[in-house]
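Participant: Let me begin by handing over the structure; questions about it come next.
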Amino acid sequence: MPHKWAMVVDLDRCTGCEACVVACHAENNIPTVGEDQAARGRAMHWIRVERYWEGDFPNPRVRFQPVLCQQCDDAPCEPVCPTYASYHTSEGLNQQAYNRCIGTRFCANACPYNVRVFNFFDPKWDKPLHLQLNPDVSLRSVGIMEKCNFCAQRIKSAEIQAEAETREMKDGEFTTACAQSCASEALVFGDLNDPQSKVSRLASSNRSTKLLGELGTKPNVTYLQRGT
Amino acid sequence: MQRTAEQIEKDLLRPIFRSSPRYWIAVGISSSLVLAGVYAFGYQLYNGIGVWGINSPVFWALDITNFVFWIGISHAGTLISAILRLCNATWRRPVTRCAEAITVFSIIIGGLVPLCHIGRPWLAYWMIPYPNQRCIWPNFRSPLAWDFFAISTYLTGSTTFLYLPTIPDFAAIRDASKGLRKRIYSMLALGWQGTPRQWQRLEIAMHIMAIAIVPVAVSVHTIVSWDFSMTLVPMWHSSIFGPYFVIGAIFSGIAALILAMALLRRFLHLEEYLKPVHFNNLGKLLLTMSLLWFYFTFAERLTTWYGNTPAEMTVFWETINQHFAPMFWIMVLCNFVIPLPLLAIKKLRTIIGTAIASGAIVVGMWIERFLIIVPSLDHKFLSYSQGSYRPTWVEDTLMAASFGMMALLYLLFAKFVPMISIWEMKVGLQPHGGGIVTTEVPGAKRHGLVLEGPLPTDVEE
């Protein structure tokens, strides 16, 4: 395996600004479903910022926790798909082949993190958002499951670029849309197989932990716990 | 009063040649329900599956509840009829045909539900391992792929199992009719002449099917349970689910059978055939299943409670004393508290008594399936992404249509096939206690019913 793509989420740094959510929508052509559908639990965020409140008035505290597809090595969503729409790539990514998806939604039920989102209707974009669709990302239609894929299109184009220049890919040469837009650098993306990469160094921190690690899904997203 | 062979044939063929206005009203009502379902499904296809109440994280709800419910109902017929045949329980004779018909129709309905529920129903054929230019097979690791094979096997098996013992009766209708009807039934009777050789072959074929269908039925509902237990979802990931689902399926299946028998008895005037003894015997079986159901539910809950893991306990309390508590306790009432006295006390185990108990059980078992699916999906691990669920009119209509379709198929079946096996009833007339019969059964000459081999003792009163 030449690369092992991974992310580190530093919970001490996350301010809950949700820039990652907006960037992800723009990069990956994710439709906005509107207020009504969102209230019915059908918002289609590939990354969400969970808010947990601690303590009572007068000293309440809010804790933010960005949650995206954990790109599990032992992903519960993969074996349950009857049509191989949800599958594992050779670089350890948990991918979704939109064309193969018939919409049984079994993968979303099996996912302990609830990070898979479903096209309950044909996607629509409020004007003028329909003019800013990313040409590198395919559009999905009704009845299809989708989810974070670590900006597979960015990985691919960086790979092609490196190949054209006959060199190795460098750490930090590209990053995912969410990590790129994170002002406090709470999200860091990179290659775990490169021991010098920023993500490798951060992932070996003694604050590192996995979300629901006890379930044995072997996530490739590492959370750095809060110091306080 | 013992009926003669001629009377039996006349009584049981009557619904085929004559129907009351009441029959056509029932057909009208059930077909309008089916049409409403067709409309709802068309509306869903046009607008997208979002017209359902499902959402994130409750991706399955009424759809899969009904799927498990109907596949569960299908376990009455084949299993009961096969086991009773294998044990040579002679009281089974008037019961088997209507039970086997329930099986075939509820598998058809149960199989249609997942086709409606997927996001892109027009691509459902991708579940089939057919040769294609992309060389892609279905994913054989997926419990849904197993489901597809299990249900199609079960449907094929139980259709054959229903068809085989009907062949002599098709021949009887052929002989009693003229014109187009005669032509159709001639085809269905497959050239049945009632020769000893044919009887022997039928006997062997039925025996093979009866033995083969039992493991198929058990595996089908086990595989249905694996749709849930193969995931990590709280309260789904449990090894008890296989047997728990099989028991629940047989439980709800017998209840549906008793209900169907009570209705047939009333509306087809089969009082002389479906006697209190049948309801009494099935009632005892239902009582056993009710106790088993309680045992399994208790065992499941107790182990969860002792395990005391936070995610499972959230679902546990959600069903027992929070949001879903009313449904949970209605389920316990319907599946255990109401049926127990009705079925355990001999005086109450009458036709009415068993029918009331069965009605309660059918409702209770539907609720059980709902409570397995929705509360667990509502309360998965991360408390931030919990949800809630409310069905829309589309789901409600499709559910009503599934019941309408069952009624319609059953009504049409009663119009084209005798609901009680005529030839088996005639065999039951034999006074022999297991001796060799070489003579013809009285009155059965016309379609050549000749019996060879030992006949079982008839214990009917």
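Residues in the structure tokens are named by chain (A, B, ... in the order shown) and by number from 1 within that chain; ligands are numbered from 1 in the order shown.
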Residues of chain B that have any atom at most 6 Å from an atom of chain A: could you tabulate them with the shortest-distance atom pair and the distance in Å to one decimal, using only C-alpha atoms, ordered by chain and increasing number, as a tab-separated table?

Facilitator:
```
residue	atom	partner	partner_atom	distance
B:Gly48	CA	A:Phe121	CA	5.0
B:Ile49	CA	A:Phe120	CA	5.5
B:Gly50	CA	A:Phe120	CA	4.3
B:Asn55	CA	A:Gly41	CA	5.5
B:Ser56	CA	A:Gly41	CA	5.4
B:Ile118	CA	A:Thr104	CA	4.8
B:Gly119	CA	A:Gly143	CA	3.7
B:Arg120	CA	A:Ile102	CA	5.1
B:Pro138	CA	A:Thr83	CA	5.0
B:Asn139	CA	A:Pro82	CA	4.8
B:Arg141	CA	A:Pro79	CA	5.6
B:Ser142	CA	A:Val80	CA	4.2
B:Leu144	CA	A:Pro82	CA	5.8
B:Ala145	CA	A:Pro82	CA	5.3
B:Thr231	CA	A:Ala110	CA	5.3
```

Participant: Write the residues you've just listed into a file as a compact mmCIF listing (two decimals), in the first residue's frame, and include N, CA and C atoms for each of them.

Facilitator:
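Just written: part.txt:
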```txt
# COMPACT_ATOMS: atom_id res chain seq x y z
N GLY B 48 -39.51 10.49 -5.57
CA GLY B 48 -38.35 10.08 -4.78
C GLY B 48 -38.79 9.50 -3.46
N ILE B 49 -37.93 8.66 -2.90
CA ILE B 49 -38.27 7.92 -1.68
C ILE B 49 -38.46 8.87 -0.50
N GLY B 50 -38.06 10.15 -0.67
CA GLY B 50 -38.24 11.15 0.39
C GLY B 50 -39.68 11.38 0.78
N ASN B 55 -35.69 8.86 7.56
CA ASN B 55 -34.74 9.96 7.58
C ASN B 55 -33.41 9.42 8.06
N SER B 56 -32.49 10.30 8.32
CA SER B 56 -31.24 9.87 8.93
C SER B 56 -31.38 10.11 10.42
N ILE B 118 -36.32 0.16 -1.76
CA ILE B 118 -34.99 0.63 -2.12
C ILE B 118 -35.07 1.98 -2.85
N GLY B 119 -33.97 2.69 -2.81
CA GLY B 119 -33.95 4.04 -3.35
C GLY B 119 -34.17 4.07 -4.85
N ARG B 120 -33.67 3.05 -5.56
CA ARG B 120 -33.83 2.99 -7.01
C ARG B 120 -34.44 1.62 -7.38
N PRO B 138 -23.17 -9.92 -7.35
CA PRO B 138 -23.63 -9.36 -6.07
C PRO B 138 -22.59 -9.66 -5.00
N ASN B 139 -22.65 -8.90 -3.91
CA ASN B 139 -21.71 -9.09 -2.82
C ASN B 139 -22.21 -10.23 -1.93
N ARG B 141 -21.10 -11.39 0.63
CA ARG B 141 -20.93 -11.21 2.07
C ARG B 141 -22.13 -10.49 2.68
N SER B 142 -22.99 -9.93 1.84
CA SER B 142 -24.07 -9.10 2.37
C SER B 142 -25.28 -9.93 2.76
N LEU B 144 -28.17 -9.05 2.76
CA LEU B 144 -29.27 -8.77 1.83
C LEU B 144 -29.19 -9.69 0.62
N ALA B 145 -27.97 -10.02 0.21
CA ALA B 145 -27.84 -10.97 -0.90
C ALA B 145 -28.31 -12.35 -0.45
N THR B 231 -24.89 -6.46 12.08
CA THR B 231 -24.38 -5.10 12.23
C THR B 231 -23.98 -4.87 13.69
```

Participant: Might you pull out every residue within 9 Å of range 66-71 of chain A, with only C-alpha atoms counted and same-chain residues fewer than 5 positions away left off, and present them as number ranges by chain?

Facilitator: A: 5-7, 9, 11, 14, 16, 18, 20, 45-51, 92-95, 113-116, 147-150, 187, 211, 217-222

Participant: Check chain A with DSSP on the backbone and list each residue it calls strand (DSSP E or B), as a PyMOL selection string.

Facilitator: chain A and resi 5-10+47-54+61-68+86-88+94-96+117-118+145-146+187-191+208-209+221-224

Participant: Output the selection as a short mmCIF file (atom, residue, chain, number, x, y, z; two decimals), in the first residue's frame - N, CA and C atoms for each residue.

Facilitator:
```cif
data_model
loop_
_atom_site.label_atom_id
_atom_site.label_comp_id
_atom_site.auth_asym_id
_atom_site.auth_seq_id
_atom_site.Cartn_x
_atom_site.Cartn_y
_atom_site.Cartn_z
N TRP A 5 -4.12 7.11 3.61
CA TRP A 5 -4.65 8.44 3.85
C TRP A 5 -5.35 8.50 5.20
N ALA A 6 -5.11 9.56 5.93
CA ALA A 6 -5.65 9.65 7.29
C ALA A 6 -5.86 11.11 7.67
N MET A 7 -6.59 11.32 8.73
CA MET A 7 -6.84 12.68 9.20
C MET A 7 -6.69 12.72 10.72
N VAL A 8 -6.25 13.86 11.19
CA VAL A 8 -6.21 14.08 12.63
C VAL A 8 -7.11 15.27 12.94
N VAL A 9 -7.94 15.11 13.96
CA VAL A 9 -8.84 16.18 14.38
C VAL A 9 -8.42 16.60 15.78
N ASP A 10 -7.91 17.80 15.89
CA ASP A 10 -7.48 18.29 17.21
C ASP A 10 -8.65 19.00 17.88
N ILE A 47 -19.51 16.23 6.50
CA ILE A 47 -18.83 16.47 7.78
C ILE A 47 -19.79 17.33 8.60
N ARG A 48 -19.90 17.01 9.86
CA ARG A 48 -20.77 17.81 10.73
C ARG A 48 -20.01 18.15 11.99
N VAL A 49 -20.39 19.26 12.61
CA VAL A 49 -19.75 19.63 13.87
C VAL A 49 -20.75 19.34 14.99
N GLU A 50 -20.47 18.30 15.75
CA GLU A 50 -21.37 17.93 16.84
C GLU A 50 -21.13 18.86 18.01
N ARG A 51 -22.20 19.23 18.67
CA ARG A 51 -22.08 20.11 19.84
C ARG A 51 -22.58 19.37 21.08
N TYR A 52 -21.74 19.34 22.10
CA TYR A 52 -22.14 18.72 23.37
C TYR A 52 -22.01 19.77 24.46
N TRP A 53 -23.06 19.92 25.23
CA TRP A 53 -23.02 20.90 26.31
C TRP A 53 -22.63 20.23 27.62
N GLU A 54 -21.80 20.93 28.38
CA GLU A 54 -21.40 20.42 29.68
C GLU A 54 -21.68 21.47 30.73
N ARG A 61 -20.67 24.94 29.22
CA ARG A 61 -19.59 24.93 28.23
C ARG A 61 -20.06 24.13 27.04
N VAL A 62 -19.68 24.56 25.86
CA VAL A 62 -20.02 23.78 24.69
C VAL A 62 -18.73 23.18 24.13
N ARG A 63 -18.82 21.90 23.79
CA ARG A 63 -17.67 21.20 23.21
C ARG A 63 -18.00 20.87 21.77
N PHE A 64 -17.07 21.11 20.88
CA PHE A 64 -17.29 20.81 19.46
C PHE A 64 -16.55 19.55 19.07
N GLN A 65 -17.15 18.80 18.21
CA GLN A 65 -16.51 17.58 17.73
C GLN A 65 -16.88 17.37 16.26
N PRO A 66 -15.96 17.71 15.34
CA PRO A 66 -16.25 17.47 13.93
C PRO A 66 -16.28 15.97 13.67
N VAL A 67 -17.34 15.50 13.00
CA VAL A 67 -17.44 14.08 12.68
C VAL A 67 -17.62 13.92 11.18
N LEU A 68 -16.73 13.13 10.59
CA LEU A 68 -16.82 12.83 9.16
C LEU A 68 -16.65 11.33 9.04
N SER A 86 -20.46 0.06 -1.79
CA SER A 86 -19.58 0.49 -0.71
C SER A 86 -18.41 -0.48 -0.68
N TYR A 87 -17.22 0.04 -0.99
CA TYR A 87 -16.08 -0.88 -1.11
C TYR A 87 -14.80 -0.23 -0.63
N HIS A 88 -13.75 -1.05 -0.50
CA HIS A 88 -12.48 -0.60 0.04
C HIS A 88 -11.48 -0.43 -1.10
N ASN A 94 -12.42 4.11 2.14
CA ASN A 94 -13.74 3.51 2.08
C ASN A 94 -14.55 4.31 1.07
N GLN A 95 -14.78 3.71 -0.10
CA GLN A 95 -15.37 4.48 -1.19
C GLN A 95 -16.82 4.10 -1.46
N GLN A 96 -17.49 4.95 -2.19
CA GLN A 96 -18.87 4.70 -2.57
C GLN A 96 -18.96 4.82 -4.09
N VAL A 117 -24.93 9.82 4.11
CA VAL A 117 -26.12 10.64 3.83
C VAL A 117 -26.77 10.13 2.54
N PHE A 118 -28.07 10.29 2.51
CA PHE A 118 -28.87 9.66 1.46
C PHE A 118 -29.59 10.73 0.65
N MET A 145 -26.83 6.58 -1.89
CA MET A 145 -26.12 6.89 -0.66
C MET A 145 -24.80 7.56 -1.03
N GLU A 146 -24.37 8.53 -0.21
CA GLU A 146 -23.07 9.14 -0.44
C GLU A 146 -22.44 9.49 0.89
N LEU A 187 -8.10 20.43 11.66
CA LEU A 187 -8.15 19.26 10.78
C LEU A 187 -6.85 19.19 10.00
N VAL A 188 -6.19 18.04 10.08
CA VAL A 188 -4.96 17.85 9.33
C VAL A 188 -5.06 16.55 8.55
N PHE A 189 -4.79 16.63 7.24
CA PHE A 189 -4.91 15.46 6.38
C PHE A 189 -3.54 15.08 5.85
N GLY A 190 -3.33 13.80 5.63
CA GLY A 190 -2.04 13.40 5.06
C GLY A 190 -1.89 11.90 4.96
N ASP A 191 -0.64 11.48 4.73
CA ASP A 191 -0.32 10.07 4.48
C ASP A 191 0.36 9.48 5.71
N SER A 208 -3.89 11.12 21.40
CA SER A 208 -4.67 10.59 20.29
C SER A 208 -5.63 9.49 20.74
N THR A 209 -6.81 9.49 20.14
CA THR A 209 -7.84 8.52 20.47
C THR A 209 -8.70 8.31 19.23
N VAL A 221 -9.35 8.11 11.08
CA VAL A 221 -9.41 9.46 11.62
C VAL A 221 -9.05 9.37 13.09
N THR A 222 -8.08 10.20 13.50
CA THR A 222 -7.63 10.20 14.89
C THR A 222 -8.09 11.49 15.55
N TYR A 223 -8.61 11.40 16.74
CA TYR A 223 -9.00 12.60 17.49
C TYR A 223 -7.96 12.86 18.56
N LEU A 224 -7.54 14.12 18.67
CA LEU A 224 -6.64 14.50 19.75
C LEU A 224 -7.50 15.09 20.86
#
```

Participant: Skip His379 in chain B itself and residues of its chain fewer than 2 positions away, then list as a list in words all residues within 9 Å of it, counting only C-alpha atoms.

Facilitator: Pro57, Val233, Pro234, Ala311, Glu312, Thr314, Val315, Glu318, Val374, Pro375, Ser376, Leu377, Phe381, Leu382, Ser383, Ser385, Gln386, Gly387 and Ser388 of chain B

Participant: Can those selected residues be exported to a file as a compact mmCIF listing (two decimals), in the first residue's frame so that it contains N, CA and C atoms?

Facilitator:
```
# COMPACT_ATOMS: atom_id res chain seq x y z
N PRO B 57 -31.18 9.16 11.29
CA PRO B 57 -30.61 7.82 11.09
C PRO B 57 -31.65 6.70 10.97
N VAL B 233 -25.19 -2.34 15.41
CA VAL B 233 -26.22 -1.47 16.00
C VAL B 233 -26.67 -2.02 17.36
N PRO B 234 -26.80 -1.12 18.36
CA PRO B 234 -27.19 -1.58 19.69
C PRO B 234 -28.51 -2.36 19.67
N ALA B 311 -24.68 2.03 25.20
CA ALA B 311 -25.47 2.19 23.98
C ALA B 311 -26.69 1.27 24.00
N GLU B 312 -26.50 0.03 24.45
CA GLU B 312 -27.63 -0.90 24.48
C GLU B 312 -28.65 -0.50 25.53
N THR B 314 -29.40 2.43 26.46
CA THR B 314 -30.21 3.55 25.98
C THR B 314 -31.43 3.01 25.22
N VAL B 315 -31.18 2.05 24.32
CA VAL B 315 -32.29 1.47 23.56
C VAL B 315 -33.21 0.68 24.47
N GLU B 318 -35.34 3.04 26.39
CA GLU B 318 -36.20 3.73 25.43
C GLU B 318 -37.45 2.89 25.15
N VAL B 374 -36.97 0.37 14.79
CA VAL B 374 -36.90 1.83 14.93
C VAL B 374 -36.13 2.31 16.17
N PRO B 375 -36.42 1.82 17.38
CA PRO B 375 -35.70 2.38 18.54
C PRO B 375 -34.18 2.21 18.44
N SER B 376 -33.72 1.10 17.85
CA SER B 376 -32.28 0.90 17.74
C SER B 376 -31.65 1.90 16.78
N LEU B 377 -32.32 2.14 15.64
CA LEU B 377 -31.77 3.09 14.67
C LEU B 377 -31.83 4.51 15.21
N PHE B 381 -24.88 5.09 18.51
CA PHE B 381 -23.89 5.40 19.53
C PHE B 381 -23.73 6.88 19.86
N LEU B 382 -23.68 7.74 18.83
CA LEU B 382 -23.38 9.14 19.09
C LEU B 382 -24.68 9.88 19.39
N SER B 383 -24.78 10.39 20.61
CA SER B 383 -26.06 10.96 21.03
C SER B 383 -26.44 12.18 20.20
N SER B 385 -26.41 12.49 16.97
CA SER B 385 -27.10 12.18 15.72
C SER B 385 -28.28 11.23 15.93
N GLN B 386 -28.93 11.36 17.06
CA GLN B 386 -30.13 10.56 17.24
C GLN B 386 -31.31 11.20 16.54
N GLY B 387 -32.31 10.40 16.25
CA GLY B 387 -33.42 10.94 15.47
C GLY B 387 -34.76 10.50 16.00
N SER B 388 -35.76 10.71 15.18
CA SER B 388 -37.09 10.22 15.51
C SER B 388 -37.79 9.90 14.19
```

Participant: Using DSSP secondary structure from the backbone, list all alpha helix (DSSP H) positions within range 117-343 of chain B, as an MDAnalysis selection string.

Facilitator: chainID B and resid 117 143:163 167:176 179:188 196:229 241:267 276:307 310:321 325:332 339:343

Participant: Neighbours of Leu162 in chain B within 10 Å (only C-alpha atoms; same-chain residues fewer than 3 positions away dropped), as a PyMOL selection string?

Facilitator: chain B and resi 77-78+81+96-104+157-159+165-167+206+209

Participant: Which polymer residues have any atom within 9 Å of an atom of Ser225 in chain B, counting only C-alpha atoms, with same-chain residues fewer than 6 positions away left out, as a list in words?

Facilitator: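 Contacts, with the query itself left out: Val68, Trp236, Phe241, Gly242, Pro243, Tyr244, Phe245 and Val246 of chain B.
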
Participant: Might you pull out every residue within 10 Å of Gly253 in chain B, with only C-alpha atoms counted and same-chain residues fewer than 6 positions away left off, and present them as a list of chain:residue names?

Facilitator: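 With the cut-off at 10 Å, the set is B:Phe69, B:Trp70, B:Ile71, B:Gly72, B:Ile73, B:Ser74, B:His75, B:Ala76, B:Gly77, B:Thr78, B:Leu79, B:Ile80, B:Ala99, B:Ile102, B:Thr103, B:Ser106, B:Ile247, B:Leu259, B:Leu286, B:Ser358, B:Ile361, B:Val362, B:Met365.
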
Participant: Could you check how far CA of Pro31 in chain A sits from CA of Cys182 in chain A, in Å to one decimal?

Facilitator: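 A separation of 21.0 Å between them.
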